[in-house]
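The next block holds one structure in the form of structure tokens; read it before the comments.
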Amino acid sequence: MNRRPLLAGNWKMHTTVMEACQLAAEIGKCSAGLADRDVLLAPPYTVLSEVAHVLQGSEVLIASQNVCWEEKGAFTGEISPTMVTSAGGSAAIIGHSERRQIFHEDEEIINKRVHGALTFGLMAIFCIGETLEEREADKTFELLESQIRAGLAGVTAEAMKKVVVAYEPVWAIGTGKTATKEQAQEVHAFIRKLLAEMFEKDIAESVRILYGGSVKPDNVDELMAQPDIDGALVGGAALDAESFCRIINFT
Ligand code: PGA
């Protein structure tokens, strides 16, 4: 199965309006002509439409860093799927470990967000990952399985066409400690096998599984060479145009 690589930059809580426009413009330039892969940026909500505007005419996709399940209403601090679409976005990151850990988003809320994104036509970039404690206690696979089963509960095989799974070991995020290519491949293969059990083999074969956690210019090529790694979700290195441009141009 030929899965189209997806290189995604998560800007987290970084960039003023000016910084965002500048960074987006530079990434727009270096992504031009990359016909065999998708490039996606997830800027803060405040600059979603500016970034979309700067990238108009390019192939770069825009995502929000989270999304609510309702279209509108009394949900202070939230962003709706239709707001994302109207700002020029077509995807949403959901269940990032910072949402789970710092803001205590639980499996139920994450599952609602996944459904919200899919109902309104957004691509859902669904994140999972174990902490160092869980890995050391040999709980990695058990934990990932329960995150996947809960987060994707009620999602149909058809809707899975708009789901991307991002495996992000918490101990590798922002720490400079990347999972080895073998560790990442092992988990990705496990995820794909589980998806085949939950849905169908064809679906599991076509779902893109991204790796995230200290992806850098000097490790992206070996990670992307693994058979079940279909892309990267990049934090820190996505804030530097030169680094991110090198990452999206992986060989
Ligand atoms: P990092 O973040 O690349 O800075 O480790 C990845 C992420 O949190 O998506």
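Following the order of the structure tokens, first chain is A, next is B, and so on, with residues numbered from 1 inside each chain and ligands from 1 in the order they appear.
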(request) Enumerate residues in contact with ligand 1: an atom-to-atom distance of at most 7 Å, counting only C-alpha atoms and all ligand atoms. Format the result as a list in words. (result) Asn10, Glu168, Ala172, Ile173, Gly174, Thr175, Gly176, Gly212, Gly213, Ser214, Val215, Leu233, Val234, Gly235, Gly236 and Ala237 of chain A
(message) I'd like the neighbourhood of Phe190 (chain A) as JSON, numbers by chain, where a residue qualifies if any of its atoms comes within 10 Å (using only C-alpha atoms), though same-chain residues fewer than 3 positions away should be ignored.
(response) {"A": [141, 144, 145, 184, 185, 186, 187, 193, 194, 195, 196, 228]}
Let me see the file: selected residues, C-alpha atoms, as a PDB file, in the first residue's frame.
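Resulting contents of selection-v8.pdb:
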ATOM      1  CA  PHE A 141       1.161  -1.575  24.179  1.00  0.00           C
ATOM      2  CA  LEU A 144      -1.801   2.528  23.437  1.00  0.00           C
ATOM      3  CA  GLU A 145      -4.469  -0.047  22.739  1.00  0.00           C
ATOM      4  CA  ALA A 184       8.934   3.688  16.619  1.00  0.00           C
ATOM      5  CA  GLN A 185       8.517   1.056  13.884  1.00  0.00           C
ATOM      6  CA  GLU A 186       7.590  -1.580  16.460  1.00  0.00           C
ATOM      7  CA  VAL A 187       4.816   0.606  17.853  1.00  0.00           C
ATOM      8  CA  LYS A 193      -2.331  -4.491  13.405  1.00  0.00           C
ATOM      9  CA  LEU A 194      -4.781  -3.229  15.995  1.00  0.00           C
ATOM     10  CA  LEU A 195      -6.550  -1.047  13.408  1.00  0.00           C
ATOM     11  CA  ALA A 196      -6.893  -4.115  11.165  1.00  0.00           C
ATOM     12  CA  ASP A 228       5.001   1.775   8.970  1.00  0.00           C
TER      13      ASP A 228
END
(request) Output as number ranges by chain all residues of region 29-166 of chain A that backbone DSSP marks as strand (DSSP E or B). (result) A: 38-42, 61-64, 91-94, 123-128, 163-166
Write a file of the selected residues as a PDB file, in the first residue's frame, keeping N, CA, C and O atoms.
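Saved as part.pdb:
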ATOM      1  N   ASP A  38       2.264  15.374   1.650  1.00  0.00           N
ATOM      2  CA  ASP A  38       1.442  16.455   2.179  1.00  0.00           C
ATOM      3  C   ASP A  38       2.215  17.182   3.264  1.00  0.00           C
ATOM      4  O   ASP A  38       2.901  16.556   4.082  1.00  0.00           O
ATOM      5  N   VAL A  39       2.068  18.494   3.275  1.00  0.00           N
ATOM      6  CA  VAL A  39       2.671  19.322   4.320  1.00  0.00           C
ATOM      7  C   VAL A  39       1.516  20.014   5.037  1.00  0.00           C
ATOM      8  O   VAL A  39       0.584  20.491   4.394  1.00  0.00           O
ATOM      9  N   LEU A  40       1.574  20.041   6.346  1.00  0.00           N
ATOM     10  CA  LEU A  40       0.473  20.610   7.126  1.00  0.00           C
ATOM     11  C   LEU A  40       1.043  21.461   8.258  1.00  0.00           C
ATOM     12  O   LEU A  40       2.056  21.111   8.852  1.00  0.00           O
ATOM     13  N   LEU A  41       0.370  22.570   8.542  1.00  0.00           N
ATOM     14  CA  LEU A  41       0.778  23.416   9.665  1.00  0.00           C
ATOM     15  C   LEU A  41      -0.387  23.582  10.627  1.00  0.00           C
ATOM     16  O   LEU A  41      -1.523  23.772  10.205  1.00  0.00           O
ATOM     17  N   ALA A  42      -0.073  23.506  11.916  1.00  0.00           N
ATOM     18  CA  ALA A  42      -1.087  23.747  12.938  1.00  0.00           C
ATOM     19  C   ALA A  42      -0.661  24.944  13.785  1.00  0.00           C
ATOM     20  O   ALA A  42       0.001  24.808  14.798  1.00  0.00           O
ATOM     21  N   LEU A  61      -1.513  22.291   3.932  1.00  0.00           N
ATOM     22  CA  LEU A  61      -2.786  22.143   4.642  1.00  0.00           C
ATOM     23  C   LEU A  61      -2.702  22.850   5.989  1.00  0.00           C
ATOM     24  O   LEU A  61      -1.619  22.950   6.578  1.00  0.00           O
ATOM     25  N   ILE A  62      -3.844  23.302   6.479  1.00  0.00           N
ATOM     26  CA  ILE A  62      -3.882  24.014   7.752  1.00  0.00           C
ATOM     27  C   ILE A  62      -4.749  23.227   8.736  1.00  0.00           C
ATOM     28  O   ILE A  62      -5.837  22.761   8.387  1.00  0.00           O
ATOM     29  N   ALA A  63      -4.252  23.117   9.965  1.00  0.00           N
ATOM     30  CA  ALA A  63      -5.016  22.423  11.010  1.00  0.00           C
ATOM     31  C   ALA A  63      -5.104  23.287  12.250  1.00  0.00           C
ATOM     32  O   ALA A  63      -4.233  24.126  12.510  1.00  0.00           O
ATOM     33  N   SER A  64      -6.137  23.049  13.035  1.00  0.00           N
ATOM     34  CA  SER A  64      -6.206  23.662  14.364  1.00  0.00           C
ATOM     35  C   SER A  64      -5.553  22.684  15.342  1.00  0.00           C
ATOM     36  O   SER A  64      -5.397  21.504  15.032  1.00  0.00           O
ATOM     37  N   ALA A  91      -8.182  20.388   8.941  1.00  0.00           N
ATOM     38  CA  ALA A  91      -7.800  19.312   9.850  1.00  0.00           C
ATOM     39  C   ALA A  91      -7.722  19.830  11.277  1.00  0.00           C
ATOM     40  O   ALA A  91      -7.692  21.045  11.500  1.00  0.00           O
ATOM     41  N   ALA A  92      -7.689  18.898  12.230  1.00  0.00           N
ATOM     42  CA  ALA A  92      -7.520  19.280  13.628  1.00  0.00           C
ATOM     43  C   ALA A  92      -6.688  18.219  14.339  1.00  0.00           C
ATOM     44  O   ALA A  92      -6.882  17.021  14.116  1.00  0.00           O
ATOM     45  N   ILE A  93      -5.768  18.680  15.168  1.00  0.00           N
ATOM     46  CA  ILE A  93      -5.019  17.768  16.034  1.00  0.00           C
ATOM     47  C   ILE A  93      -5.923  17.504  17.240  1.00  0.00           C
ATOM     48  O   ILE A  93      -6.535  18.434  17.781  1.00  0.00           O
ATOM     49  N   ILE A  94      -6.008  16.265  17.658  1.00  0.00           N
ATOM     50  CA  ILE A  94      -6.877  15.918  18.786  1.00  0.00           C
ATOM     51  C   ILE A  94      -6.140  14.961  19.726  1.00  0.00           C
ATOM     52  O   ILE A  94      -5.452  14.041  19.272  1.00  0.00           O
ATOM     53  N   MET A 123     -10.139  16.522   8.781  1.00  0.00           N
ATOM     54  CA  MET A 123      -9.266  15.382   9.008  1.00  0.00           C
ATOM     55  C   MET A 123      -8.893  15.413  10.498  1.00  0.00           C
ATOM     56  O   MET A 123      -8.562  16.472  11.040  1.00  0.00           O
ATOM     57  N   ALA A 124      -8.997  14.264  11.155  1.00  0.00           N
ATOM     58  CA  ALA A 124      -8.669  14.207  12.588  1.00  0.00           C
ATOM     59  C   ALA A 124      -7.281  13.603  12.760  1.00  0.00           C
ATOM     60  O   ALA A 124      -7.047  12.465  12.373  1.00  0.00           O
ATOM     61  N   ILE A 125      -6.375  14.383  13.332  1.00  0.00           N
ATOM     62  CA  ILE A 125      -5.030  13.873  13.624  1.00  0.00           C
ATOM     63  C   ILE A 125      -5.045  13.467  15.098  1.00  0.00           C
ATOM     64  O   ILE A 125      -4.922  14.300  15.996  1.00  0.00           O
ATOM     65  N   PHE A 126      -5.280  12.197  15.300  1.00  0.00           N
ATOM     66  CA  PHE A 126      -5.558  11.653  16.626  1.00  0.00           C
ATOM     67  C   PHE A 126      -4.242  11.181  17.279  1.00  0.00           C
ATOM     68  O   PHE A 126      -3.573  10.300  16.749  1.00  0.00           O
ATOM     69  N   CYS A 127      -3.899  11.809  18.416  1.00  0.00           N
ATOM     70  CA  CYS A 127      -2.594  11.536  19.045  1.00  0.00           C
ATOM     71  C   CYS A 127      -2.705  10.579  20.226  1.00  0.00           C
ATOM     72  O   CYS A 127      -3.638  10.669  21.040  1.00  0.00           O
ATOM     73  N   ILE A 128      -1.717   9.727  20.318  1.00  0.00           N
ATOM     74  CA  ILE A 128      -1.618   8.787  21.434  1.00  0.00           C
ATOM     75  C   ILE A 128      -0.149   8.684  21.836  1.00  0.00           C
ATOM     76  O   ILE A 128       0.729   9.082  21.068  1.00  0.00           O
ATOM     77  N   VAL A 163      -9.006   9.888   9.156  1.00  0.00           N
ATOM     78  CA  VAL A 163      -8.264   9.857  10.425  1.00  0.00           C
ATOM     79  C   VAL A 163      -6.794   9.582  10.157  1.00  0.00           C
ATOM     80  O   VAL A 163      -6.442   8.728   9.351  1.00  0.00           O
ATOM     81  N   VAL A 164      -5.954  10.337  10.845  1.00  0.00           N
ATOM     82  CA  VAL A 164      -4.509  10.090  10.849  1.00  0.00           C
ATOM     83  C   VAL A 164      -4.155   9.821  12.305  1.00  0.00           C
ATOM     84  O   VAL A 164      -4.631  10.526  13.196  1.00  0.00           O
ATOM     85  N   VAL A 165      -3.376   8.789  12.551  1.00  0.00           N
ATOM     86  CA  VAL A 165      -2.967   8.507  13.935  1.00  0.00           C
ATOM     87  C   VAL A 165      -1.549   9.048  14.120  1.00  0.00           C
ATOM     88  O   VAL A 165      -0.694   8.876  13.257  1.00  0.00           O
ATOM     89  N   ALA A 166      -1.325   9.743  15.240  1.00  0.00           N
ATOM     90  CA  ALA A 166       0.032  10.225  15.530  1.00  0.00           C
ATOM     91  C   ALA A 166       0.519   9.565  16.814  1.00  0.00           C
ATOM     92  O   ALA A 166      -0.069   9.767  17.881  1.00  0.00           O
TER      93      ALA A 166
END
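Across the structure, CA of Gly129 (chain A) and CA of Val170 (chain A) are spaced 5.9 Å apart.
Distance-wise, CA of Ala204 (chain A) and CA of Glu182 (chain A) end up 20.1 Å apart.
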(request) Give me the residues within 10 Å of Cys68 (chain A) as a list in words, counting only C-alpha atoms and dropping any in the same chain fewer than 3 places off. (result) Glu71, Lys72, Phe75, Gly77, Glu78, Ile79, Ser80, Pro81, Thr82, Met83, Ala92, Ile94, Ile109, Ile110, Lys112, Arg113, Val114, His115, Gly116 and Ala117 of chain A
(request) Skip Phe250 (chain A) itself and residues of its chain fewer than 4 positions away, then list as a list of chain:residue names all residues within 10 Å of it, counting only C-alpha atoms. (result) A:Leu7, A:Pro217, A:Asp218, A:Asn219, A:Val220, A:Asp221, A:Glu222, A:Leu223, A:Met224, A:Ala225, A:Gly231, A:Phe244, A:Cys245, A:Arg246
With N, CA, C and O atoms retained, could you export that selection as a tab-separated table (two decimals), in the first residue's frame?
chain	number	residue	atom	x	y	z
A	7	LEU	N	3.79	15.45	6.52
A	7	LEU	CA	4.72	16.11	7.44
A	7	LEU	C	3.98	17.29	8.05
A	7	LEU	O	3.57	18.21	7.34
A	217	PRO	N	15.92	17.51	11.66
A	217	PRO	CA	16.50	17.27	10.34
A	217	PRO	C	17.43	16.05	10.32
A	217	PRO	O	17.49	15.34	9.33
A	218	ASP	N	18.12	15.79	11.43
A	218	ASP	CA	19.10	14.69	11.37
A	218	ASP	C	18.53	13.31	11.72
A	218	ASP	O	19.25	12.32	11.68
A	219	ASN	N	17.24	13.22	12.06
A	219	ASN	CA	16.70	11.87	12.27
A	219	ASN	C	15.48	11.57	11.40
A	219	ASN	O	14.97	10.46	11.39
A	220	VAL	N	15.02	12.57	10.66
A	220	VAL	CA	13.79	12.37	9.88
A	220	VAL	C	13.95	11.30	8.79
A	220	VAL	O	13.05	10.49	8.58
A	221	ASP	N	15.10	11.27	8.14
A	221	ASP	CA	15.26	10.33	7.02
A	221	ASP	C	15.17	8.88	7.49
A	221	ASP	O	14.50	8.06	6.87
A	222	GLU	N	15.85	8.58	8.61
A	222	GLU	CA	15.83	7.18	9.07
A	222	GLU	C	14.46	6.80	9.61
A	222	GLU	O	14.01	5.66	9.46
A	223	LEU	N	13.76	7.76	10.22
A	223	LEU	CA	12.41	7.45	10.70
A	223	LEU	C	11.48	7.20	9.51
A	223	LEU	O	10.74	6.21	9.48
A	224	MET	N	11.57	8.07	8.52
A	224	MET	CA	10.68	7.95	7.36
A	224	MET	C	10.99	6.71	6.51
A	224	MET	O	10.15	6.30	5.71
A	225	ALA	N	12.14	6.12	6.72
A	225	ALA	CA	12.50	4.92	5.96
A	225	ALA	C	11.82	3.67	6.52
A	225	ALA	O	11.84	2.61	5.89
A	231	GLY	N	4.85	9.52	8.30
A	231	GLY	CA	4.97	10.96	8.40
A	231	GLY	C	5.42	11.34	9.79
A	231	GLY	O	5.73	10.48	10.62
A	244	PHE	N	12.41	22.93	9.46
A	244	PHE	CA	11.18	22.31	8.98
A	244	PHE	C	11.26	22.05	7.48
A	244	PHE	O	10.77	21.02	6.99
A	245	CYS	N	11.91	22.97	6.77
A	245	CYS	CA	12.05	22.77	5.32
A	245	CYS	C	12.89	21.53	5.03
A	245	CYS	O	12.59	20.76	4.12
A	246	ARG	N	13.91	21.31	5.84
A	246	ARG	CA	14.72	20.10	5.67
A	246	ARG	C	13.87	18.86	5.97
A	246	ARG	O	13.96	17.84	5.28
(request) Can you list, as an MDAnalysis selection string, all residues belonging to region 23-216 of chain A that DSSP tags as alpha helix (DSSP H)? (result) chainID A and resid 23:31 48:54 81:86 97:101 107:119 132:136 140:151 181:198 201:206
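Minimum atom-to-atom distance to Gly33 (chain A), evaluated using only C-alpha atoms, belongs to A:Ser58 out of A:Ile102, A:Thr251, A:Ser58, A:Trp11.
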(request) Figure out the distance between CA of Ala232 (chain A) and CA of His188 (chain A), please, to one decimal in Å. (result) 12.1 Å
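You can rank A:Ala24, A:Cys30, A:Ala189, A:Met13 by their closest distance to Asn249 (chain A) using only C-alpha atoms, and at the top of that list sits A:Cys30.
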(message) Can you pull out the residues contacting Thr85 (chain A)? Cut-off 9 Å, using only C-alpha atoms, and skip same-chain residues under 6 positions away; I want them as a ChimeraX atom specification.
(response) /A:91,120-122
